[in-house]
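This is target-v1.tsv. It holds TSV, C-alpha atoms.
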```
chain	number	residue	atom	x	y	z
A	831	MET	CA	12.43	173.34	-9.67
A	832	SER	CA	15.80	171.71	-10.20
A	833	GLN	CA	16.47	168.10	-9.29
A	834	ALA	CA	18.85	169.16	-6.48
A	835	LYS	CA	16.30	171.50	-4.91
A	836	ALA	CA	13.58	168.86	-5.15
A	837	ALA	CA	15.86	166.40	-3.34
A	838	LYS	CA	16.59	168.94	-0.60
A	839	ALA	CA	12.89	169.50	-0.01
A	840	ARG	CA	12.15	165.77	-0.06
A	841	TYR	CA	14.78	165.03	2.54
A	842	SER	CA	13.83	167.75	5.02
A	843	THR	CA	12.96	165.36	7.90
A	844	ILE	CA	15.67	162.78	8.52
A	845	ALA	CA	15.68	159.83	10.92
A	846	ILE	CA	18.81	158.27	12.42
A	847	ILE	CA	18.49	154.63	13.47
A	848	GLY	CA	20.99	152.39	15.25
A	849	LYS	CA	21.86	150.56	18.43
A	850	ARG	CA	22.62	153.23	20.99
A	851	ASP	CA	23.73	150.53	23.47
A	852	ASP	CA	26.57	149.54	21.11
A	853	ALA	CA	29.58	151.77	21.86
A	854	ARG	CA	30.91	151.93	18.28
A	855	ALA	CA	27.48	152.47	16.74
A	856	ALA	CA	26.58	155.06	19.39
A	857	GLU	CA	29.67	157.09	18.58
A	858	THR	CA	28.84	157.07	14.88
A	859	LEU	CA	25.17	157.85	15.60
A	860	ARG	CA	26.28	160.91	17.50
A	861	SER	CA	28.50	161.94	14.58
A	862	VAL	CA	25.57	161.52	12.20
A	863	ALA	CA	23.28	163.57	14.43
A	864	THR	CA	25.91	166.31	14.76
A	865	ALA	CA	26.38	166.44	10.98
A	866	LEU	CA	22.63	166.65	10.38
A	867	LEU	CA	22.12	169.33	13.01
A	868	ALA	CA	24.84	171.45	11.40
A	869	ARG	CA	22.99	171.18	8.09
A	870	ARG	CA	19.70	172.00	9.81
A	871	GLN	CA	21.25	175.22	11.11
A	872	ALA	CA	22.29	175.95	7.53
A	873	GLY	CA	18.66	175.54	6.46
A	874	GLN	CA	19.19	172.35	4.46
A	875	ILE	CA	16.89	170.18	6.59
A	876	ALA	CA	14.05	170.82	9.01
A	877	ALA	CA	14.06	168.06	11.63
A	878	VAL	CA	16.21	165.23	12.97
A	879	LEU	CA	14.41	162.23	14.48
A	880	ALA	CA	15.49	159.03	16.24
A	881	PRO	CA	13.60	155.95	17.49
A	882	ASP	CA	12.65	155.84	21.15
A	883	ALA	CA	14.44	152.76	22.48
A	884	ASN	CA	13.92	153.56	26.18
A	885	ARG	CA	17.54	154.58	26.51
A	886	PRO	CA	19.16	157.86	27.52
A	887	GLU	CA	18.88	160.51	24.85
A	888	MET	CA	21.94	162.03	23.22
A	889	PRO	CA	23.05	164.75	25.65
A	890	GLY	CA	23.46	168.18	24.12
A	891	LEU	CA	21.88	167.26	20.77
A	892	ASP	CA	18.49	168.60	19.68
A	893	VAL	CA	17.11	165.29	18.43
A	894	GLU	CA	13.44	164.34	18.73
A	895	PHE	CA	12.77	160.76	19.86
A	896	LEU	CA	9.69	158.93	18.55
A	897	PRO	CA	8.24	155.40	18.48
A	898	MET	CA	9.29	153.60	15.32
A	899	GLY	CA	5.82	153.80	13.75
A	900	ALA	CA	5.64	157.56	14.16
A	901	LEU	CA	9.23	157.94	13.02
A	902	ALA	CA	8.53	155.96	9.83
A	903	SER	CA	5.46	158.04	8.96
A	904	ARG	CA	7.22	161.39	9.51
A	905	SER	CA	10.60	160.74	7.88
A	906	ASP	CA	11.69	161.64	4.35
A	907	LEU	CA	15.02	159.83	4.71
A	908	ALA	CA	16.54	157.41	7.23
A	909	ILE	CA	20.21	156.97	8.02
A	910	VAL	CA	20.84	153.54	9.53
A	911	VAL	CA	24.04	152.98	11.49
A	912	GLY	CA	25.13	149.40	12.19
A	913	GLY	CA	25.25	146.13	10.30
A	914	ASP	CA	22.96	144.54	7.74
A	915	GLY	CA	20.78	143.14	10.54
A	916	THR	CA	20.03	146.64	11.80
A	917	LEU	CA	19.10	147.72	8.28
A	918	LEU	CA	16.83	144.69	7.78
A	919	GLY	CA	14.76	145.62	10.82
A	920	ALA	CA	14.59	149.26	9.78
A	921	GLY	CA	13.78	148.31	6.21
A	922	ARG	CA	10.70	146.30	7.16
A	923	ALA	CA	9.38	149.24	9.19
A	924	LEU	CA	10.21	151.98	6.68
A	925	ALA	CA	9.39	150.34	3.34
A	926	PRO	CA	5.56	150.65	3.68
A	927	HIS	CA	6.09	154.41	4.08
A	928	GLY	CA	8.42	154.71	1.08
A	929	VAL	CA	11.30	156.07	3.17
A	930	PRO	CA	14.70	155.71	1.45
A	931	ILE	CA	17.59	154.42	3.57
A	932	LEU	CA	21.27	155.32	3.63
A	933	GLY	CA	23.31	152.69	5.49
A	934	VAL	CA	26.47	153.56	7.44
A	935	ASN	CA	28.54	150.44	8.14
A	936	GLN	CA	29.39	149.64	11.76
A	937	GLY	CA	28.90	145.91	11.36
A	938	ARG	CA	30.98	143.15	9.78
A	939	LEU	CA	30.04	142.23	6.22
A	940	GLY	CA	28.03	145.29	5.20
A	941	PHE	CA	26.24	144.28	2.00
A	942	MET	CA	23.57	146.96	2.38
A	943	VAL	CA	25.15	149.37	4.87
A	944	ASP	CA	27.80	150.48	2.41
A	945	VAL	CA	28.83	154.00	3.50
A	946	LEU	CA	32.04	154.15	5.53
A	947	PRO	CA	31.87	156.43	8.60
A	948	GLU	CA	34.82	158.47	7.33
A	949	ASP	CA	32.90	159.19	4.10
A	950	LEU	CA	29.74	160.31	5.88
A	951	ASN	CA	29.99	164.08	5.37
A	952	GLU	CA	30.78	163.80	1.68
A	953	THR	CA	27.94	161.32	1.15
A	954	LEU	CA	25.46	163.47	3.10
A	955	ASP	CA	26.28	166.44	0.89
A	956	ALA	CA	25.67	164.30	-2.19
A	957	VAL	CA	22.36	162.96	-0.84
A	958	LEU	CA	21.02	166.36	0.18
A	959	GLY	CA	22.23	167.80	-3.10
A	960	GLY	CA	20.16	165.28	-5.04
A	961	ASP	CA	23.20	163.64	-6.62
A	962	LEU	CA	22.57	160.05	-5.49
A	963	PRO	CA	19.65	158.06	-6.95
A	964	VAL	CA	17.34	155.77	-4.98
A	965	GLU	CA	17.46	152.07	-5.83
A	966	GLU	CA	14.24	150.08	-5.33
A	967	ARG	CA	14.38	146.42	-4.35
A	968	LEU	CA	11.86	143.64	-4.02
A	969	LEU	CA	10.20	143.06	-0.64
A	970	LEU	CA	8.27	139.89	0.29
A	971	GLU	CA	5.04	139.37	2.21
A	972	ALA	CA	4.28	136.10	4.00
A	973	THR	CA	0.87	134.95	5.21
A	974	LEU	CA	0.49	131.99	7.57
A	975	ARG	CA	-2.68	129.98	6.89
A	976	ARG	CA	-3.53	127.62	9.72
A	977	ALA	CA	-5.03	124.18	9.12
A	978	ASP	CA	-8.09	125.36	11.11
A	979	THR	CA	-8.60	128.10	8.43
A	980	SER	CA	-7.44	130.98	10.66
A	981	ASN	CA	-4.84	133.35	9.25
A	982	LEU	CA	-2.04	135.38	10.81
A	983	PRO	CA	-1.33	138.97	9.76
A	984	LEU	CA	1.18	139.63	7.01
A	985	LEU	CA	4.87	139.33	7.78
A	986	HIS	CA	7.38	141.28	5.71
A	987	ALA	CA	10.86	140.22	4.62
A	988	VAL	CA	13.70	142.08	2.95
A	989	ASN	CA	16.02	139.06	2.61
A	990	ASP	CA	14.05	135.87	2.92
A	991	VAL	CA	11.17	133.83	4.27
A	992	VAL	CA	12.44	130.56	5.75
A	993	VAL	CA	10.47	127.48	6.80
A	994	ARG	CA	12.56	125.02	8.77
A	995	ASN	CA	12.71	122.64	11.71
A	996	GLN	CA	14.33	124.43	14.65
A	997	ALA	CA	14.01	121.71	17.30
A	998	SER	CA	15.53	118.50	15.91
A	999	ILE	CA	17.38	116.90	13.02
A	1000	ARG	CA	14.20	115.29	11.65
A	1001	MET	CA	13.51	116.26	8.05
A	1002	LEU	CA	10.36	118.09	7.05
A	1003	GLU	CA	7.95	116.86	4.43
A	1004	PHE	CA	6.34	119.68	2.48
A	1005	GLU	CA	5.01	120.68	-0.91
A	1006	THR	CA	5.70	123.78	-2.98
A	1007	TRP	CA	3.17	125.41	-5.32
A	1008	LEU	CA	3.22	128.47	-7.58
A	1009	ASP	CA	-0.11	130.12	-8.42
A	1010	GLY	CA	-1.94	126.85	-7.78
A	1011	GLU	CA	0.44	124.78	-9.93
A	1012	PHE	CA	2.27	122.01	-8.12
A	1013	ILE	CA	6.07	122.37	-8.18
A	1014	SER	CA	7.39	119.51	-6.07
A	1015	GLN	CA	7.25	117.46	-2.89
A	1016	HIS	CA	10.29	117.82	-0.66
A	1017	ARG	CA	12.03	116.07	2.19
A	1018	ALA	CA	14.54	118.52	3.61
A	1019	ASP	CA	15.46	120.54	6.67
A	1020	GLY	CA	13.34	123.34	5.23
A	1021	ILE	CA	13.27	125.87	2.43
A	1022	VAL	CA	14.43	129.45	1.84
A	1023	VAL	CA	12.38	131.83	-0.29
A	1024	ALA	CA	14.87	134.60	-1.06
A	1025	THR	CA	14.67	137.98	-2.74
A	1026	PRO	CA	17.56	139.12	-4.95
A	1027	THR	CA	18.78	141.08	-1.92
A	1028	GLY	CA	18.63	137.93	0.22
A	1029	SER	CA	20.22	135.73	-2.45
A	1030	THR	CA	23.66	136.59	-1.00
A	1031	ALA	CA	22.59	135.63	2.54
A	1032	TYR	CA	21.21	132.34	3.92
A	1033	ALA	CA	20.12	131.16	0.46
A	1034	LEU	CA	23.68	131.43	-0.86
A	1035	SER	CA	24.98	129.29	2.03
A	1036	GLY	CA	22.40	126.68	1.02
A	1037	GLY	CA	23.71	126.53	-2.55
A	1038	GLY	CA	21.29	129.02	-4.08
A	1039	PRO	CA	22.11	131.34	-6.99
A	1040	VAL	CA	23.11	134.99	-6.69
A	1041	LEU	CA	20.38	137.18	-8.21
A	1042	HIS	CA	21.08	140.70	-9.42
A	1043	PRO	CA	19.16	143.24	-7.26
A	1044	SER	CA	17.28	144.59	-10.30
A	1045	LEU	CA	15.55	141.25	-10.99
A	1046	HIS	CA	11.87	140.78	-10.15
A	1047	ALA	CA	12.33	137.16	-9.14
A	1048	VAL	CA	12.76	134.95	-6.09
A	1049	ALA	CA	14.84	131.85	-5.42
A	1050	LEU	CA	13.41	128.73	-3.81
A	1051	VAL	CA	16.31	126.97	-2.07
A	1052	PRO	CA	15.73	123.65	-0.25
A	1053	ILE	CA	17.83	123.32	2.90
A	1054	CYS	CA	19.89	120.09	2.93
A	1055	PRO	CA	17.40	118.10	0.80
A	1056	HIS	CA	17.26	114.31	1.15
A	1057	THR	CA	17.22	113.91	-2.65
A	1058	LEU	CA	20.26	115.42	-4.37
A	1059	SER	CA	18.17	116.24	-7.45
A	1060	ASP	CA	16.04	118.62	-5.33
A	1061	ARG	CA	17.81	121.77	-6.54
A	1062	PRO	CA	17.15	125.49	-6.15
A	1063	ILE	CA	14.87	127.15	-8.70
A	1064	VAL	CA	14.24	130.78	-9.63
A	1065	VAL	CA	10.61	131.80	-10.24
A	1066	PRO	CA	8.83	135.07	-11.09
A	1067	ALA	CA	8.13	137.28	-8.10
A	1068	GLY	CA	4.62	138.23	-9.24
A	1069	GLY	CA	3.02	134.91	-8.27
A	1070	THR	CA	1.96	133.28	-5.01
A	1071	ILE	CA	4.37	130.70	-3.61
A	1072	ARG	CA	2.67	128.22	-1.26
A	1073	ILE	CA	4.55	125.93	1.12
A	1074	VAL	CA	2.36	123.22	2.69
A	1075	LEU	CA	3.56	121.09	5.63
A	1076	ARG	CA	2.81	117.36	5.51
A	1077	GLY	CA	3.33	114.54	8.03
A	1078	GLU	CA	4.48	114.96	11.61
A	1079	VAL	CA	5.54	118.45	12.66
A	1080	SER	CA	7.47	119.48	15.76
A	1081	GLY	CA	9.42	122.67	16.39
A	1082	VAL	CA	8.84	124.07	12.90
A	1083	SER	CA	8.73	127.81	12.31
A	1084	VAL	CA	8.51	130.39	9.57
A	1085	THR	CA	11.08	133.16	9.98
A	1086	CYS	CA	11.44	136.46	8.14
A	1087	ASP	CA	14.97	137.86	7.79
A	1088	GLY	CA	16.06	135.67	10.72
A	1089	GLN	CA	14.41	138.20	13.05
A	1090	VAL	CA	10.65	137.58	13.13
A	1091	SER	CA	9.48	134.01	13.80
A	1092	VAL	CA	6.12	132.18	14.11
A	1093	THR	CA	5.59	128.50	15.03
A	1094	LEU	CA	3.92	126.20	12.49
A	1095	ASP	CA	1.77	123.09	13.00
A	1096	ALA	CA	0.86	120.11	10.82
A	1097	GLY	CA	-1.30	121.11	7.87
A	1098	ASP	CA	-0.33	124.78	8.08
A	1099	SER	CA	0.81	126.54	4.95
A	1100	VAL	CA	2.82	129.67	4.21
A	1101	GLU	CA	2.01	131.87	1.23
A	1102	VAL	CA	4.71	134.21	-0.02
A	1103	THR	CA	4.06	137.03	-2.48
A	1104	SER	CA	5.88	140.16	-3.58
A	1105	SER	CA	4.93	143.24	-1.61
A	1106	PRO	CA	3.47	146.34	-3.29
A	1107	HIS	CA	6.10	148.25	-1.30
A	1108	ARG	CA	9.79	148.38	-2.12
A	1109	LEU	CA	12.95	148.62	-0.06
A	1110	ARG	CA	14.48	151.94	-1.12
A	1111	LEU	CA	18.26	152.23	-0.78
A	1112	ILE	CA	20.71	155.04	-1.43
A	1113	HIS	CA	24.28	153.98	-2.19
A	1114	PRO	CA	27.51	156.02	-2.13
A	1115	ARG	CA	29.12	157.30	-5.31
A	1116	ASN	CA	30.53	154.71	-7.73
A	1117	TYR	CA	28.49	151.89	-6.16
A	1118	SER	CA	28.80	148.62	-8.07
A	1119	PHE	CA	27.01	145.38	-7.17
A	1120	PHE	CA	29.71	143.32	-8.88
A	1121	GLU	CA	32.47	145.15	-7.06
A	1122	LEU	CA	30.57	144.46	-3.85
A	1123	LEU	CA	30.58	140.74	-4.65
A	1124	ARG	CA	34.31	140.84	-5.36
A	1125	ASN	CA	35.12	142.73	-2.17
A	1126	LYS	CA	32.75	140.97	0.22
A	1127	LEU	CA	32.69	137.44	-1.23
A	1128	HIS	CA	36.19	137.61	-2.76
A	1129	TRP	CA	34.94	136.63	-6.19
A	1130	GLY	CA	37.63	136.67	-8.87
A	1131	ARG	CA	40.44	136.86	-6.35
A	1132	GLY	CA	43.22	134.38	-5.76
A	1133	PRO	CA	45.20	133.59	-2.57
A	1134	GLY	CA	46.24	136.70	-0.74
A	1135	GLY	CA	43.61	138.77	-2.53
A	1136	ALA	CA	45.38	138.81	-5.89
A	1137	GLU	CA	43.14	139.34	-8.91
A	1138	ARG	CA	42.61	136.26	-11.07
A	1139	LEU	CA	43.15	136.63	-14.79
```

When written as structure tokens, how does the structure in this file appear?
Amino acid sequence: MSQAKAAKARYSTIAIIGKRDDARAAETLRSVATALLARRQAGQIAAVLAPDANRPEMPGLDVEFLPMGALASRSDLAIVVGGDGTLLGAGRALAPHGVPILGVNQGRLGFMVDVLPEDLNETLDAVLGGDLPVEERLLLEATLRRADTSNLPLLHAVNDVVVRNQASIRMLEFETWLDGEFISQHRADGIVVATPTGSTAYALSGGGPVLHPSLHAVALVPICPHTLSDRPIVVPAGGTIRIVLRGEVSGVSVTCDGQVSVTLDAGDSVEVTSSPHRLRLIHPRNYSFFELLRNKLHWGRGPGGAERL
């Protein structure tokens, strides 16, 4: 079996995910569904699925609506329409099932949703033809261990796991450990544990380094530390990072990707490890991470967008 035919078979059941209550995204979602249905009639795919968000279905389109869990388990490929935030939510749900994601940009920055709506048909042909590879990226798991020895279920993060004080300007006191070895004691507003994917998000705003997506590493970035020598550090992703709260605690939470949040108490700790699952992304032709940095962060450009020599 050729590589192209194998890809066609693998991507026979395709999910489309996006905010149907957003007018721009809804229009593009409908265009995606129409394009997929045309290819289904041509025998290229078998089924088109969408998440059931308790909203009116797409009139006139033969799309099956499912709860997200069922959608993730049945899909071979997901097309996410929206911004990076929409993809983050979809990524956490789809990664445990190994579903690759193609992101169509209807947001603002678009670091991960990198297909333009006007390029959709060409990109779909390339995906279904097996011409675009799947890139695998690190995913994090966070476990909250209560001081009373109870544990909360695993939380997943594509970008970052953040511990910070949400309620006041009081600094947190906490320790960081790696595989049982003490790293440091901190006084700061919190800390960001970022994947390479998340290194261009909140961690970057906090002065953290940009990590290439292929790296198996995470960045520990203190948020506004009291001591200026308390700098970000990059550590291997294979270990267990432990963040332990000390002193008085009020309004502190651990948040994954800025979307899932749990309140912390004094003596609680958060353990962050790399997930056995990976975020699987498909990019358009001629994708370049460095070009993305130049275009989105304006690296290497002078005033007015002129290239620096």

Using only C-alpha atoms, pick whichever of A:Glu966, A:Glu1005, A:Asp852, A:Asp955 has the shortest atom-to-atom distance to A:Pro1052.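 Nearest candidate to A:Pro1052 out of A:Glu966, A:Glu1005, A:Asp852, A:Asp955: A:Glu1005.
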
Go ahead and compute the interatomic distance for atom CA of A:Ser1044 and atom CA of A:Ala845, in Å to one decimal.
->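 Separation between atom CA of A:Ser1044 and atom CA of A:Ala845: 26.2 Å.
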
What's the 9 Å shell around A:Leu974, counting all atoms listed in the file, without same-chain residues fewer than 5 positions away, as a compact mmCIF listing (two decimals) with C-alpha atoms, keeping the file's coordinate frame?
```
# COMPACT_ATOMS: atom_id res chain seq x y z
CA SER A 980 -7.44 130.98 10.66
CA ASN A 981 -4.84 133.35 9.25
CA LEU A 982 -2.04 135.38 10.81
CA PRO A 983 -1.33 138.97 9.76
CA LEU A 984 1.18 139.63 7.01
CA LEU A 985 4.87 139.33 7.78
CA VAL A 1084 8.51 130.39 9.57
CA VAL A 1092 6.12 132.18 14.11
CA LEU A 1094 3.92 126.20 12.49
CA ASP A 1098 -0.33 124.78 8.08
CA SER A 1099 0.81 126.54 4.95
CA VAL A 1100 2.82 129.67 4.21
CA GLU A 1101 2.01 131.87 1.23
CA VAL A 1102 4.71 134.21 -0.02
```

_Atom pair atom CA of A:Glu1121 / atom CA of A:Asp961: separation (Å)_ =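 Going from atom CA of A:Glu1121 over to atom CA of A:Asp961, I get 20.7 Å.
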
Using only C-alpha atoms, which protein or nucleic acid residues come within 9 Å of A:Glu965? Drop anything in the same chain fewer than 5 positions from it, and give the result as a list in words.
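After dropping sequence-adjacent residues, the list is Pro930, Ser1044, Leu1109, Arg1110, Leu1111, Ile1112 and His1113 of chain A.
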
Ranking A:Arg1061, A:Arg1076, A:Arg976, A:Arg869 by minimum distance to A:Leu1002 and counting only C-alpha atoms, which one comes first?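 Among the listed residues, A:Arg1076 lies closest to A:Leu1002.
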
Atom pair atom CA of A:Leu917 + atom CA of A:Pro1026, distance 15.9 Å

task = Write out as a count of residues only which residues come within 10 Å of A:Leu1050 when counting all atoms listed in the file, dropping same-chain ones fewer than 2 positions away.
result = 22

Do a neighbour search on A:Leu891 at 9 Å with only C-alpha atoms, toss out local chain neighbours closer than 5 positions, and write the hits as a list in words.
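Listed by chain and then number, they are Arg860, Ala863, Thr864 and Leu867 of chain A.
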
Find the residues near A:Phe1119: any atom within 10 Å, counting all atoms listed in the file, skip ones fewer than 5 places away on the same chain, and give them as a PyMOL selection string. chain A and resi 941+1042-1043+1124-1125

Output of the above residues as a compact mmCIF listing (two decimals), in the frame of the given file, restricted to C-alpha atoms:
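Saved as selection-v8.txt:
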```txt
# COMPACT_ATOMS: atom_id res chain seq x y z
CA PHE A 941 26.24 144.28 2.00
CA HIS A 1042 21.08 140.70 -9.42
CA PRO A 1043 19.16 143.24 -7.26
CA ARG A 1124 34.31 140.84 -5.36
CA ASN A 1125 35.12 142.73 -2.17
```

Exercise for the section: Could you check which of A:Ala855, A:Leu879, A:Leu1008, A:Ala956 is closest to A:Thr1070, using all atoms listed in the file? Expected result: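 Using all atoms listed in the file, the shortest distance to A:Thr1070 belongs to A:Leu1008.
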
Centre and edges of the stretch 898-912 of chain A box, axis-aligned, 5 Å extra per side, as lines of an AutoDock Vina configuration file:
```
center_x = 15.3
center_y = 155.5
center_z = 9.8
size_x = 29.7
size_y = 22.2
size_z = 21.0
```
